[in-house]
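See below for work31.csv, which holds CSV, C-alpha atoms and all ligand atoms.
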chain,number,residue,atom,x,y,z
A,24,MET,CA,0.0,0.0,0.0
A,25,SER,CA,1.4,3.5,-0.9
A,26,ALA,CA,1.8,6.1,1.9
A,27,PRO,CA,-1.0,8.6,2.2
A,28,THR,CA,-0.3,11.9,0.3
A,29,LYS,CA,1.1,14.6,2.6
A,30,ARG,CA,-0.8,17.8,2.1
A,31,VAL,CA,-1.4,21.3,3.4
A,32,LEU,CA,-4.7,22.9,4.0
A,33,LEU,CA,-4.2,26.7,3.8
A,34,ALA,CA,-6.8,28.9,5.6
A,35,LYS,CA,-8.3,31.9,3.8
A,36,PRO,CA,-8.7,34.5,5.1
A,37,ARG,CA,-5.4,34.6,7.0
A,38,GLY,CA,-2.8,37.3,7.6
A,39,TYR,CA,-3.0,41.0,7.3
A,40,CYS,CA,-6.3,42.7,8.1
A,41,ALA,CA,-7.2,46.2,7.0
A,42,GLY,CA,-6.2,47.8,10.4
A,43,VAL,CA,-2.7,46.3,10.3
A,44,ASP,CA,-2.2,47.1,6.6
A,45,ARG,CA,-3.1,50.7,7.4
A,46,ALA,CA,-0.8,50.9,10.4
A,47,VAL,CA,2.2,49.5,8.7
A,48,ILE,CA,1.7,51.7,5.6
A,49,THR,CA,1.3,54.7,7.9
A,50,VAL,CA,4.8,54.1,9.4
A,51,GLU,CA,6.3,53.4,5.9
A,52,LYS,CA,4.8,56.6,4.4
A,53,ALA,CA,5.8,58.7,7.5
A,54,LEU,CA,9.4,57.5,7.0
A,55,GLU,CA,9.2,58.4,3.2
A,56,THR,CA,7.5,61.7,3.8
A,57,TYR,CA,9.3,63.1,6.9
A,58,GLY,CA,12.5,61.0,6.9
A,59,ALA,CA,14.0,58.9,9.7
A,60,PRO,CA,13.7,58.7,12.6
A,61,VAL,CA,10.0,58.3,13.1
A,62,TYR,CA,9.1,57.3,16.7
A,63,VAL,CA,6.5,54.7,17.2
A,64,ARG,CA,4.8,54.2,20.6
A,65,LYS,CA,4.7,50.5,21.3
A,66,GLU,CA,5.0,47.9,18.5
A,67,ILE,CA,3.0,49.3,15.6
A,68,VAL,CA,1.5,45.8,15.2
A,69,HIS,CA,2.3,42.7,17.2
A,70,ASN,CA,4.7,41.0,14.7
A,71,ARG,CA,8.4,40.5,15.2
A,72,HIS,CA,9.2,40.6,11.4
A,73,VAL,CA,7.2,43.7,10.8
A,74,VAL,CA,8.8,45.6,13.7
A,75,GLU,CA,12.3,44.5,12.8
A,76,THR,CA,11.8,45.5,9.1
A,77,LEU,CA,10.5,49.0,10.1
A,78,ARG,CA,13.3,49.4,12.7
A,79,GLU,CA,15.9,48.8,9.9
A,80,ARG,CA,14.2,51.5,7.8
A,81,GLY,CA,14.5,54.1,10.6
A,82,ALA,CA,11.5,53.6,13.0
A,83,ILE,CA,12.3,53.9,16.7
A,84,PHE,CA,10.0,52.0,18.9
A,85,VAL,CA,9.5,53.3,22.4
A,86,ASP,CA,7.3,52.3,25.3
A,87,GLU,CA,6.0,55.7,26.3
A,88,ALA,CA,5.6,59.1,24.7
A,89,ASP,CA,7.9,60.6,27.3
A,90,GLU,CA,10.8,58.8,25.7
A,91,VAL,CA,10.3,60.7,22.4
A,92,PRO,CA,12.3,63.9,22.1
A,93,GLU,CA,10.3,67.2,22.5
A,94,GLY,CA,8.7,68.2,19.2
A,95,ALA,CA,9.5,65.0,17.4
A,96,MET,CA,7.0,62.9,15.4
A,97,VAL,CA,5.4,59.9,17.0
A,98,VAL,CA,3.0,57.3,15.6
A,99,PHE,CA,0.5,55.6,17.9
A,100,SER,CA,0.1,51.9,17.2
A,101,ALA,CA,-2.9,50.0,15.8
A,102,HIS,CA,-4.0,49.0,19.3
A,103,GLY,CA,-5.0,52.5,20.3
A,104,VAL,CA,-4.1,54.8,23.2
A,105,SER,CA,-5.9,56.3,26.1
A,106,PRO,CA,-6.6,60.1,26.4
A,107,ALA,CA,-3.8,60.3,28.9
A,108,VAL,CA,-1.3,59.3,26.2
A,109,HIS,CA,-2.6,62.0,23.9
A,110,GLU,CA,-2.2,64.5,26.8
A,111,GLN,CA,1.3,63.4,27.4
A,112,ALA,CA,2.2,63.8,23.8
A,113,ALA,CA,0.6,67.3,23.7
A,114,GLU,CA,2.7,68.3,26.8
A,115,ARG,CA,5.9,67.4,24.9
A,116,ASN,CA,4.7,69.2,21.7
A,117,LEU,CA,5.0,65.9,19.8
A,118,ARG,CA,3.6,65.7,16.3
A,119,THR,CA,1.3,62.7,16.4
A,120,ILE,CA,-0.1,60.4,13.8
A,121,ASP,CA,-2.7,58.1,15.2
A,122,ALA,CA,-2.7,54.7,13.5
A,123,THR,CA,-5.3,53.2,15.8
A,124,CYS,CA,-7.4,50.8,13.9
A,125,PRO,CA,-10.8,52.3,13.2
A,126,LEU,CA,-12.4,49.2,14.7
A,127,VAL,CA,-10.6,49.8,18.0
A,128,THR,CA,-11.6,53.5,17.9
A,129,LYS,CA,-15.2,52.3,17.5
A,130,VAL,CA,-14.9,50.5,20.9
A,131,HIS,CA,-13.4,53.6,22.4
A,132,PHE,CA,-16.5,55.6,21.3
A,133,GLU,CA,-18.7,53.0,22.9
A,134,ALA,CA,-16.8,53.2,26.2
A,135,LYS,CA,-17.1,57.0,26.1
A,136,ARG,CA,-20.8,56.9,25.2
A,137,TYR,CA,-21.9,54.5,27.9
A,138,ALA,CA,-19.7,56.2,30.5
A,139,LYS,CA,-21.5,59.4,29.7
A,140,GLU,CA,-24.8,57.6,30.2
A,141,ASP,CA,-23.4,56.5,33.6
A,142,TYR,CA,-23.3,52.7,32.8
A,143,ASP,CA,-21.0,50.3,34.5
A,144,ILE,CA,-19.0,48.9,31.6
A,145,LEU,CA,-17.6,45.3,31.8
A,146,LEU,CA,-14.8,45.2,29.4
A,147,ILE,CA,-13.9,41.6,28.4
A,148,GLY,CA,-10.3,41.4,27.5
A,149,HIS,CA,-6.8,40.4,28.4
A,150,GLU,CA,-5.2,42.1,31.4
A,151,GLY,CA,-2.1,44.2,30.4
A,152,HIS,CA,-2.9,44.2,26.6
A,153,GLU,CA,-2.3,47.6,25.1
A,154,GLU,CA,-5.7,47.7,23.5
A,155,VAL,CA,-7.5,47.1,26.8
A,156,GLU,CA,-5.4,49.8,28.5
A,157,GLY,CA,-6.4,52.3,25.8
A,158,THR,CA,-10.1,51.5,25.9
A,159,ALA,CA,-10.3,51.4,29.7
A,160,GLY,CA,-8.4,54.7,29.8
A,161,GLU,CA,-11.4,56.4,28.1
A,162,ALA,CA,-13.5,56.0,31.2
A,163,PRO,CA,-11.5,54.5,34.0
A,164,GLU,CA,-14.2,55.2,36.6
A,165,HIS,CA,-16.8,53.2,34.7
A,166,VAL,CA,-14.8,50.3,33.3
A,167,GLN,CA,-14.0,47.0,35.0
A,168,LEU,CA,-11.9,44.4,33.2
A,169,VAL,CA,-13.1,40.9,33.0
A,170,ASP,CA,-10.4,38.5,31.8
A,171,LYS,CA,-10.7,35.1,33.3
A,172,ALA,CA,-13.8,33.2,34.5
A,173,GLU,CA,-12.9,33.9,38.1
A,174,ASP,CA,-13.0,37.7,37.4
A,175,VAL,CA,-16.8,37.5,36.9
A,176,ASP,CA,-17.4,37.0,40.6
A,177,LYS,CA,-15.3,40.0,41.5
A,178,VAL,CA,-17.4,42.4,39.5
A,179,VAL,CA,-19.3,45.0,41.6
A,180,VAL,CA,-21.9,47.2,39.8
A,181,ARG,CA,-23.9,50.2,41.2
A,182,ASP,CA,-27.1,49.5,39.3
A,183,PRO,CA,-27.6,46.0,37.8
A,184,SER,CA,-30.1,47.4,35.3
A,185,LYS,CA,-27.5,49.7,33.9
A,186,VAL,CA,-24.6,47.4,32.9
A,187,ILE,CA,-23.1,46.8,29.4
A,188,TRP,CA,-20.3,44.5,28.2
A,189,LEU,CA,-17.8,45.6,25.6
A,190,SER,CA,-14.7,43.6,24.5
A,191,GLN,CA,-11.2,43.7,23.1
A,192,THR,CA,-11.4,43.2,19.3
A,193,THR,CA,-9.1,40.2,19.1
A,194,LEU,CA,-10.7,37.6,21.4
A,195,SER,CA,-11.9,34.1,20.8
A,196,VAL,CA,-15.6,34.5,19.9
A,197,ASP,CA,-16.6,31.3,21.7
A,198,GLU,CA,-14.7,32.1,24.9
A,199,THR,CA,-16.1,35.6,25.0
A,200,MET,CA,-19.7,34.3,24.7
A,201,GLU,CA,-19.0,32.0,27.6
A,202,ARG,CA,-17.8,35.0,29.7
A,203,VAL,CA,-21.0,36.9,28.6
A,204,ASP,CA,-23.2,34.0,29.7
A,205,GLN,CA,-21.5,34.0,33.1
A,206,LEU,CA,-21.9,37.7,33.5
A,207,ARG,CA,-25.5,37.5,32.4
A,208,ALA,CA,-26.2,34.8,35.0
A,209,ARG,CA,-25.2,37.5,37.6
A,210,PHE,CA,-26.7,40.5,35.8
A,211,PRO,CA,-29.7,39.4,33.8
A,212,ASP,CA,-30.2,42.9,32.3
A,213,LEU,CA,-26.7,43.0,31.0
A,214,GLN,CA,-26.8,44.9,27.7
A,215,ASN,CA,-24.9,43.8,24.5
A,216,PRO,CA,-22.6,46.2,22.6
A,217,PRO,CA,-24.4,48.1,19.8
A,218,SER,CA,-22.4,46.0,17.3
A,219,ASP,CA,-19.8,43.2,17.5
A,220,ASP,CA,-16.6,44.5,19.2
A,221,ILE,CA,-14.6,41.4,18.1
A,222,CYS,CA,-13.6,42.6,14.7
A,223,TYR,CA,-14.4,41.0,11.3
A,224,ALA,CA,-10.8,39.9,10.8
A,225,THR,CA,-10.5,38.1,14.1
A,226,GLN,CA,-13.9,36.4,13.5
A,227,ASN,CA,-13.1,35.4,9.9
A,228,ARG,CA,-9.7,33.9,10.8
A,229,GLN,CA,-11.3,31.8,13.5
A,230,VAL,CA,-14.1,30.6,11.2
A,231,ALA,CA,-11.5,29.6,8.5
A,232,VAL,CA,-9.4,27.7,11.0
A,233,LYS,CA,-12.5,25.9,12.4
A,234,ALA,CA,-13.4,24.8,8.9
A,235,MET,CA,-10.2,22.9,8.4
A,236,ALA,CA,-9.0,21.9,11.9
A,237,ALA,CA,-10.8,18.6,12.2
A,238,GLU,CA,-9.1,17.3,9.0
A,239,CYS,CA,-5.6,18.3,10.3
A,240,GLU,CA,-3.4,16.4,12.7
A,241,LEU,CA,-1.4,19.5,13.1
A,242,VAL,CA,-2.2,23.2,12.6
A,243,LEU,CA,0.7,25.7,12.3
A,244,VAL,CA,-0.2,29.3,13.0
A,245,VAL,CA,2.3,32.0,11.9
A,246,GLY,CA,2.3,34.8,14.4
A,247,SER,CA,4.1,36.3,17.3
A,248,GLN,CA,3.7,35.4,21.0
A,249,ASN,CA,2.3,38.8,21.9
A,250,SER,CA,-0.3,38.7,19.2
A,251,SER,CA,-3.7,38.1,20.8
A,252,ASN,CA,-5.6,37.1,17.7
A,253,SER,CA,-2.7,34.7,16.6
A,254,LYS,CA,-2.8,32.9,20.0
A,255,ARG,CA,-6.5,32.6,19.8
A,256,LEU,CA,-6.1,30.8,16.5
A,257,VAL,CA,-4.0,28.1,18.2
A,258,GLU,CA,-6.7,27.6,20.8
A,259,VAL,CA,-9.5,27.5,18.3
A,260,ALA,CA,-7.7,25.0,16.1
A,261,VAL,CA,-7.3,22.5,19.0
A,262,GLN,CA,-10.9,23.1,20.2
A,263,ALA,CA,-12.1,22.5,16.6
A,264,GLY,CA,-10.4,19.1,16.4
A,265,ALA,CA,-6.7,19.4,15.4
A,266,ASN,CA,-4.5,17.0,17.4
A,267,ALA,CA,-2.0,19.8,18.0
A,268,SER,CA,-1.4,23.4,17.1
A,269,TYR,CA,1.7,25.7,17.5
A,270,LEU,CA,2.4,29.3,17.0
A,271,VAL,CA,5.7,30.2,15.2
A,272,ASP,CA,7.1,33.5,14.0
A,273,PHE,CA,9.2,31.9,11.3
A,274,ALA,CA,9.3,28.5,9.4
A,275,HIS,CA,12.7,27.6,11.0
A,276,GLU,CA,11.0,27.6,14.4
A,277,VAL,CA,8.9,24.5,13.5
A,278,ASP,CA,10.2,21.5,15.3
A,279,GLU,CA,10.5,18.6,12.8
A,280,SER,CA,9.2,16.2,15.4
A,281,TRP,CA,5.8,17.9,15.3
A,282,LEU,CA,5.4,16.4,11.8
A,283,ASP,CA,5.8,12.8,13.0
A,284,GLY,CA,2.9,10.8,11.6
A,285,VAL,CA,1.2,13.9,10.2
A,286,THR,CA,-0.4,13.6,6.8
A,287,THR,CA,-2.4,16.9,6.8
A,288,VAL,CA,-1.0,20.1,8.1
A,289,GLY,CA,-3.3,23.2,8.5
A,290,VAL,CA,-1.6,26.5,8.0
A,291,THR,CA,-2.9,29.9,8.9
A,292,SER,CA,-1.6,33.2,10.2
A,293,GLY,CA,-2.6,36.0,12.5
A,294,ALA,CA,-3.9,39.4,11.4
A,295,SER,CA,-0.5,41.1,11.8
A,296,VAL,CA,1.5,38.6,9.7
A,297,PRO,CA,2.7,39.4,6.1
A,298,ASP,CA,1.9,36.6,3.7
A,299,THR,CA,5.6,36.2,2.8
A,300,LEU,CA,6.1,34.5,6.1
A,301,VAL,CA,3.4,32.0,5.3
A,302,MET,CA,4.9,31.4,1.9
A,303,ASP,CA,8.2,30.6,3.6
A,304,LEU,CA,6.5,28.1,5.8
A,305,LEU,CA,4.8,26.4,2.7
A,306,ALA,CA,8.3,26.2,1.1
A,307,TRP,CA,9.7,24.6,4.2
A,308,LEU,CA,6.8,22.1,4.4
A,309,ALA,CA,7.2,21.3,0.6
A,310,GLU,CA,10.9,20.4,1.3
A,311,ARG,CA,9.6,17.8,3.7
A,312,GLY,CA,7.1,16.3,1.3
A,313,TYR,CA,4.0,18.5,1.9
A,314,THR,CA,3.8,19.6,-1.7
A,315,SER,CA,0.1,19.6,-2.2
A,316,VAL,CA,-1.6,22.8,-1.0
A,317,ASP,CA,-5.4,23.3,-0.9
A,318,GLU,CA,-6.8,26.6,0.1
A,319,VAL,CA,-9.9,26.4,2.4
A,320,THR,CA,-11.8,29.6,1.8
A,321,THR,CA,-14.6,30.7,4.1
A,322,ALA,CA,-14.8,34.5,3.3
A,323,ASN,CA,-13.4,37.0,0.8
A,324,GLU,CA,-12.3,40.2,2.6
A,325,LYS,CA,-12.5,43.5,0.8
A,326,ILE,CA,-12.3,45.9,3.7
A,327,HIS,CA,-9.8,48.8,3.4
A,328,PHE,CA,-9.2,51.8,5.7
A,329,ALA,CA,-8.0,55.2,4.5
A,330,LEU,CA,-4.7,56.4,6.0
A,331,PRO,CA,-4.8,58.7,9.1
A,332,PRO,CA,-5.8,62.2,7.9
A,333,GLU,CA,-2.9,63.9,9.7
A,334,LEU,CA,-0.6,61.9,7.3
A,335,ARG,CA,-2.8,62.1,4.2
A,336,LYS,CA,-2.6,65.8,4.1
A,337,ASP,CA,1.2,65.7,3.6
A,338,LEU,CA,1.3,62.9,1.1
A,339,LYS,CA,2.3,63.8,-2.5
A,340,PRO,CA,-0.3,62.8,-5.1
A,341,ALA,CA,0.5,59.4,-6.6
A,342,GLY,CA,2.3,59.6,-10.0
B,401,LIG,S1,-7.3,42.7,14.1
B,401,LIG,FE1,-9.2,43.8,13.8
B,401,LIG,S2,-9.2,45.5,15.3
B,401,LIG,FE2,-7.1,44.7,15.1
B,401,LIG,S3,-6.1,45.9,13.6
B,401,LIG,FE3,-7.0,44.2,12.5
B,401,LIG,S4,-9.1,44.8,11.8
B,401,LIG,FE4,-8.4,46.3,13.4
Please express what this file holds, its structure, as structure tokens.
Amino acid sequence: MSAPTKRVLLAKPRGYCAGVDRAVITVEKALETYGAPVYVRKEIVHNRHVVETLRERGAIFVDEADEVPEGAMVVFSAHGVSPAVHEQAAERNLRTIDATCPLVTKVHFEAKRYAKEDYDILLIGHEGHEEVEGTAGEAPEHVQLVDKAEDVDKVVVRDPSKVIWLSQTTLSVDETMERVDQLRARFPDLQNPPSDDICYATQNRQVAVKAMAAECELVLVVGSQNSSNSKRLVEVAVQAGANASYLVDFAHEVDESWLDGVTTVGVTSGASVPDTLVMDLLAWLAERGYTSVDEVTTANEKIHFALPPELRKDLKPAG
């Protein structure tokens, strides 16, 4: 009997979302337009390769605005910043370009709106994640963070009839709904956000990985350890039936022993990952006999965001 054909199932959509694309192009265009150095507060997107490439081109990544020289230019990352960071930048006369993803800004608006209406806001998200810090910073007196299941019991609200949940954009859809059910068991009048806070890109990548995971003995997710949506893909792959799943930044990080006895490898990537890294992984797998690649398509994404207006006004017309 001949050995079963080794193959790859390649998820689509995968990789860059509209918010990441916009943020990366923002730094590239800022470097082209104003020259190096361009300071960037935090990693522009959570991907090692992207950050290293921009660093080589003259971007300087800092943790806080007070590390940027007075009067210099700073780009705020796709994950968003709190009003306190804008104030800090203004105090130092920094020229700012805000590359916050518009879908993160949408959640900021929700936090501001419901705080103004005096709601208690239960923000589901990961403690310490930059996005959560930025969103919570819009209304610190009204926001309580709910990360793990045990956090639900710690929530204290002033009026149980005036409570709303919001969320980080890059969570697992299923896990978030579990947390909402737990919260609703405590607060039956808990309101839903006006529209989904988990963004289209996070949701689409999870749907795609779910569609193929059960057929895969192994799912490899290209992405960085600090990328929330990439880590969620690993969890979703295992929950959806893959025997194992690992997160790797680069093809050379794959441990060959992971392929032992594996006929079908699923491949996907987080929303901050350029597709060239996925192509590198496919080439690496092909060298080990996984030459057949079938794309598993669950959605076609056509979303595009305009560059930040403060950058657009200085761009030379194309051509
Ligand atoms: S993952 Fe979603 S929220 Fe984050 S940058 Fe991409 S589109 Fe925006």
Quiz item: Which residues form the shell of 8 Å around ligand LIG 401 (chain B) when you count all atoms listed in the file, given as a list in words?
Solution: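 These are the residues that qualify: Tyr39, Cys40, Ala41, Gly42, Val43, Ala46, Val68, Ala101, His102, Thr123, Cys124, Pro125, Leu126, Val127, Thr192, Thr193, Ile221, Cys222, Tyr223, Ala224, Thr225, Asn252, Ala294 and Ser295 of chain A.
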What lies within 9 Å of range 52-59 of chain A using all atoms listed in the file, ignoring chain neighbours under 3 positions off, as a PDB file with C-alpha atoms, in the frame of the given file?
ATOM      1  CA  VAL A  47       2.200  49.500   8.700  1.00  0.00           C
ATOM      2  CA  ILE A  48       1.700  51.700   5.600  1.00  0.00           C
ATOM      3  CA  THR A  49       1.300  54.700   7.900  1.00  0.00           C
ATOM      4  CA  TYR A  62       9.100  57.300  16.700  1.00  0.00           C
ATOM      5  CA  ARG A  80      14.200  51.500   7.800  1.00  0.00           C
ATOM      6  CA  GLY A  81      14.500  54.100  10.600  1.00  0.00           C
ATOM      7  CA  ALA A  82      11.500  53.600  13.000  1.00  0.00           C
ATOM      8  CA  ILE A  83      12.300  53.900  16.700  1.00  0.00           C
ATOM      9  CA  MET A  96       7.000  62.900  15.400  1.00  0.00           C
ATOM     10  CA  VAL A  98       3.000  57.300  15.600  1.00  0.00           C
ATOM     11  CA  ILE A 120      -0.100  60.400  13.800  1.00  0.00           C
ATOM     12  CA  LEU A 334      -0.600  61.900   7.300  1.00  0.00           C
ATOM     13  CA  ASP A 337       1.200  65.700   3.600  1.00  0.00           C
ATOM     14  CA  LEU A 338       1.300  62.900   1.100  1.00  0.00           C
ATOM     15  CA  LYS A 339       2.300  63.800  -2.500  1.00  0.00           C
TER      16      LYS A 339
END
Quiz item: Which one of A:Val97, A:Asp170, A:Ala265, A:Val63 sits closest to Asn116 in chain A if you count all atoms listed in the file?
Solution: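 Checking each of A:Val97, A:Asp170, A:Ala265, A:Val63 against Asn116 in chain A, counting all atoms listed in the file, the winner is A:Val97.
Atom pair CA of Gly94 in chain A / CA of Val50 in chain A has a distance of 17.6 Å (rounded to one decimal).
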Self-check item: Nearby residues (all atoms listed in the file) at most 12 Å from Glu154 in chain A, same-chain spacing under 5 positions excluded, as a ChimeraX atom specification
Solution: /A:65-69,99-105,123-124,126-128,130-131,146-149,159-161,168,190-194,250-251
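Considering the residues A:Asp197, A:Glu164, A:Glu276, A:Asp176 and counting all atoms listed in the file, Leu256 in chain A has its shortest atom-to-atom contact with A:Asp197.
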Exercise. Counting only C-alpha atoms, figure out which residue out of A:Asp204, A:Glu93, A:Asp220, A:Asp143 gets nearest to Thr119 in chain A.
Key: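 Checking each candidate against Thr119 in chain A, we get A:Glu93 as the closest.
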Quiz item: Between A:Lys177, A:Lys171, A:Lys129, A:His152, which is the closest to Leu189 in chain A once you count all atoms listed in the file?
Solution: A:Lys129
Quiz item: How many Å lie between CA of Trp307 in chain A and CA of Gly264 in chain A, rounded to one decimal?
Solution: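 Spanning CA of Trp307 in chain A to CA of Gly264 in chain A is a straight-line distance of 24.1 Å.
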Exercise. May I ask for the distance between CA of Glu258 in chain A and CA of Arg207 in chain A, given in Å to one decimal place?
Key: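 Rounded to one decimal, the two atoms are 24.2 Å apart.
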Quiz item: With all atoms listed in the file as the basis for distance, which of A:Ala306, A:Leu241, A:Ala112, A:Ala329 is at the shortest distance from Val290 in chain A?
Solution: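 Between A:Ala306, A:Leu241, A:Ala112, A:Ala329, the residue approaching Val290 in chain A most closely is A:Leu241.
With all atoms listed in the file as the atoms that count, the residue of A:Glu79, A:Leu32, A:Arg71, A:Val61 with the shortest distance to Ala95 in chain A is A:Val61.
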Quiz item: Could you name the residues that touch Lys254 in chain A at 12 Å or less, counting all atoms listed in the file, but leaving out those on the same chain fewer than 5 positions away, as an MDAnalysis selection string?
Solution: chainID A and resid 69 149 193:195 225 228:229 243:249 259:261 268:272 291:295
Exercise. Find the spatial neighbours of range 281-286 of chain A, counting all atoms listed in the file, within a cut-off of 8 Å - ignore same-chain residues fewer than 4 positions away - and output them as a PyMOL selection string.
Key: chain A and resi 27-30+239-241+277
